[in-house]
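Have a look at the structure below, then the notes.
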Amino acid sequence: MNLDAERFDTNREHLCSALRWKGQFIEAEPDPTVPPTNDGIFWCMYTQTCIGPDGELAEPGNCCSKGRACHGTGKCG
């Protein structure tokens, strides 16, 4: 798997419930003939930006660790 595909993989265990991305709001079955865009447009539900409450990027690679201070809480530290 290439680094971006791994970084932006939304099929991760323990993915923060506050992480949002535009693919969540598209009601269409995945088409295997269409390559994924993996454009990296993610945001935190609490901050409404691409930066989480702890000042780190809100993206699957960062938002899948229960060790992250803000994981699912909207609070940092």
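Ligands are numbered from 1 in the order shown, chains are lettered A, B, ... in the order of the structure tokens, and residues start at 1 in each chain.
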
For this session: Name the residues in contact with stretch 9-14 of chain A at a cut-off of 10 Å, using only C-alpha atoms, excluding same-chain residues fewer than 6 positions from it; report them as a list in words.
Result: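 The contact residues come out as Leu3, Arg20, Trp21, Gly23, Gln24, Asn38, Gly40, Glu59, Pro60, Gly61, Cys63, Cys64, Ser65, Lys66, His71 and Gly72 of chain A.
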
Expected file contents, prior selection, C-alpha atoms, as a compact mmCIF listing (two decimals), in the first residue's frame:
```txt
# COMPACT_ATOMS: atom_id res chain seq x y z
CA LEU A 3 1.88 5.94 2.00
CA ARG A 20 -15.51 13.54 9.03
CA TRP A 21 -14.85 13.32 5.29
CA GLY A 23 -17.21 10.29 1.32
CA GLN A 24 -19.44 9.77 4.36
CA ASN A 38 -7.82 9.82 -1.76
CA GLY A 40 -7.34 13.92 1.94
CA GLU A 59 -6.99 12.55 9.22
CA PRO A 60 -7.35 8.78 9.59
CA GLY A 61 -3.64 8.17 10.13
CA CYS A 63 -7.26 9.86 14.38
CA CYS A 64 -7.19 6.11 14.94
CA SER A 65 -5.29 6.00 18.21
CA LYS A 66 -7.14 5.89 21.49
CA HIS A 71 -9.90 10.92 20.64
CA GLY A 72 -13.69 11.20 20.39
```

For this session: Please identify all polymer residues within 12 Å of A:Ile51, counting only C-alpha atoms, omitting same-chain residues fewer than 4 positions from it, and present them as an NGL selection string.
Result: :A and (18-20 or 41-47 or 55-59 or 62-63 or 70 or 74 or 76)

Could the residues in this selection be written to a file with N, CA, C and O atoms, as a PDB file, in the first residue's frame?
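The resulting file, out29.pdb, is shown below:
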```pdb
ATOM      1  N   ALA A  18     -15.355  11.493  15.713  1.00  0.00           N
ATOM      2  CA  ALA A  18     -15.492  12.911  15.370  1.00  0.00           C
ATOM      3  C   ALA A  18     -14.848  13.247  14.030  1.00  0.00           C
ATOM      4  O   ALA A  18     -14.992  14.362  13.542  1.00  0.00           O
ATOM      5  N   LEU A  19     -14.151  12.299  13.412  1.00  0.00           N
ATOM      6  CA  LEU A  19     -13.521  12.553  12.114  1.00  0.00           C
ATOM      7  C   LEU A  19     -14.573  12.500  11.020  1.00  0.00           C
ATOM      8  O   LEU A  19     -15.407  11.591  10.985  1.00  0.00           O
ATOM      9  N   ARG A  20     -14.558  13.468  10.146  1.00  0.00           N
ATOM     10  CA  ARG A  20     -15.505  13.537   9.027  1.00  0.00           C
ATOM     11  C   ARG A  20     -14.751  13.662   7.718  1.00  0.00           C
ATOM     12  O   ARG A  20     -13.658  14.200   7.673  1.00  0.00           O
ATOM     13  N   ILE A  41      -9.421  15.157   2.146  1.00  0.00           N
ATOM     14  CA  ILE A  41     -10.259  16.218   2.699  1.00  0.00           C
ATOM     15  C   ILE A  41     -10.977  15.652   3.920  1.00  0.00           C
ATOM     16  O   ILE A  41     -11.996  14.988   3.819  1.00  0.00           O
ATOM     17  N   PHE A  42     -10.388  15.907   5.093  1.00  0.00           N
ATOM     18  CA  PHE A  42     -10.929  15.442   6.371  1.00  0.00           C
ATOM     19  C   PHE A  42     -11.041  16.628   7.301  1.00  0.00           C
ATOM     20  O   PHE A  42     -10.312  17.609   7.178  1.00  0.00           O
ATOM     21  N   TRP A  43     -11.981  16.539   8.265  1.00  0.00           N
ATOM     22  CA  TRP A  43     -12.090  17.590   9.266  1.00  0.00           C
ATOM     23  C   TRP A  43     -12.594  16.992  10.566  1.00  0.00           C
ATOM     24  O   TRP A  43     -13.133  15.898  10.608  1.00  0.00           O
ATOM     25  N   CYS A  44     -12.380  17.739  11.630  1.00  0.00           N
ATOM     26  CA  CYS A  44     -12.824  17.328  12.961  1.00  0.00           C
ATOM     27  C   CYS A  44     -14.197  17.934  13.220  1.00  0.00           C
ATOM     28  O   CYS A  44     -14.413  19.127  12.986  1.00  0.00           O
ATOM     29  N   MET A  45     -15.104  17.119  13.697  1.00  0.00           N
ATOM     30  CA  MET A  45     -16.462  17.580  13.989  1.00  0.00           C
ATOM     31  C   MET A  45     -16.451  18.684  15.052  1.00  0.00           C
ATOM     32  O   MET A  45     -17.288  19.569  15.037  1.00  0.00           O
ATOM     33  N   TYR A  46     -15.508  18.654  15.967  1.00  0.00           N
ATOM     34  CA  TYR A  46     -15.481  19.619  17.056  1.00  0.00           C
ATOM     35  C   TYR A  46     -14.878  20.955  16.656  1.00  0.00           C
ATOM     36  O   TYR A  46     -15.388  22.001  17.032  1.00  0.00           O
ATOM     37  N   THR A  47     -13.787  20.932  15.879  1.00  0.00           N
ATOM     38  CA  THR A  47     -13.136  22.193  15.500  1.00  0.00           C
ATOM     39  C   THR A  47     -13.663  22.732  14.176  1.00  0.00           C
ATOM     40  O   THR A  47     -13.452  23.891  13.863  1.00  0.00           O
ATOM     41  N   GLY A  55      -4.332  20.231  18.101  1.00  0.00           N
ATOM     42  CA  GLY A  55      -3.414  20.930  17.209  1.00  0.00           C
ATOM     43  C   GLY A  55      -2.795  20.066  16.129  1.00  0.00           C
ATOM     44  O   GLY A  55      -1.999  20.537  15.333  1.00  0.00           O
ATOM     45  N   GLU A  56      -3.151  18.798  16.083  1.00  0.00           N
ATOM     46  CA  GLU A  56      -2.637  17.885  15.069  1.00  0.00           C
ATOM     47  C   GLU A  56      -3.636  17.764  13.919  1.00  0.00           C
ATOM     48  O   GLU A  56      -4.817  18.052  14.077  1.00  0.00           O
ATOM     49  N   LEU A  57      -3.149  17.305  12.753  1.00  0.00           N
ATOM     50  CA  LEU A  57      -4.028  17.125  11.595  1.00  0.00           C
ATOM     51  C   LEU A  57      -5.130  16.112  11.888  1.00  0.00           C
ATOM     52  O   LEU A  57      -4.882  15.075  12.507  1.00  0.00           O
ATOM     53  N   ALA A  58      -6.311  16.425  11.438  1.00  0.00           N
ATOM     54  CA  ALA A  58      -7.445  15.506  11.551  1.00  0.00           C
ATOM     55  C   ALA A  58      -7.495  14.681  10.271  1.00  0.00           C
ATOM     56  O   ALA A  58      -7.948  15.151   9.234  1.00  0.00           O
ATOM     57  N   GLU A  59      -6.968  13.479  10.343  1.00  0.00           N
ATOM     58  CA  GLU A  59      -6.992  12.551   9.221  1.00  0.00           C
ATOM     59  C   GLU A  59      -6.880  11.140   9.791  1.00  0.00           C
ATOM     60  O   GLU A  59      -6.431  10.965  10.927  1.00  0.00           O
ATOM     61  N   ASN A  62      -3.893   9.851  11.858  1.00  0.00           N
ATOM     62  CA  ASN A  62      -3.701  10.443  13.182  1.00  0.00           C
ATOM     63  C   ASN A  62      -4.867  10.172  14.114  1.00  0.00           C
ATOM     64  O   ASN A  62      -4.701  10.217  15.329  1.00  0.00           O
ATOM     65  N   CYS A  63      -6.039   9.939  13.566  1.00  0.00           N
ATOM     66  CA  CYS A  63      -7.263   9.857  14.379  1.00  0.00           C
ATOM     67  C   CYS A  63      -7.731   8.428  14.629  1.00  0.00           C
ATOM     68  O   CYS A  63      -8.919   8.174  14.776  1.00  0.00           O
ATOM     69  N   CYS A  70      -7.408  13.812  22.389  1.00  0.00           N
ATOM     70  CA  CYS A  70      -8.756  14.295  22.067  1.00  0.00           C
ATOM     71  C   CYS A  70      -9.648  13.210  21.468  1.00  0.00           C
ATOM     72  O   CYS A  70     -10.783  13.488  21.118  1.00  0.00           O
ATOM     73  N   GLY A  74     -13.349  15.734  21.772  1.00  0.00           N
ATOM     74  CA  GLY A  74     -13.362  17.150  21.425  1.00  0.00           C
ATOM     75  C   GLY A  74     -12.506  17.985  22.352  1.00  0.00           C
ATOM     76  O   GLY A  74     -12.509  19.190  22.303  1.00  0.00           O
ATOM     77  N   CYS A  76      -8.537  18.430  24.228  1.00  0.00           N
ATOM     78  CA  CYS A  76      -7.136  18.015  24.150  1.00  0.00           C
ATOM     79  C   CYS A  76      -6.529  18.024  25.545  1.00  0.00           C
ATOM     80  O   CYS A  76      -7.029  18.668  26.448  1.00  0.00           O
TER      81      CYS A  76
END
```

Problem set entry | DSSP helix (DSSP H, G or I) selection over chain A, as a list in words | Leu3, Asp4, Ala5, Glu6, Arg7, Lys22, Gly23, Gln24 and Phe25 of chain A

For this session: Record the distance separating atom CA of A:Glu29 and atom CA of A:Thr49, expressed in Å with one decimal.
Result: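 Distance reported for this atom pair: 27.3 Å.
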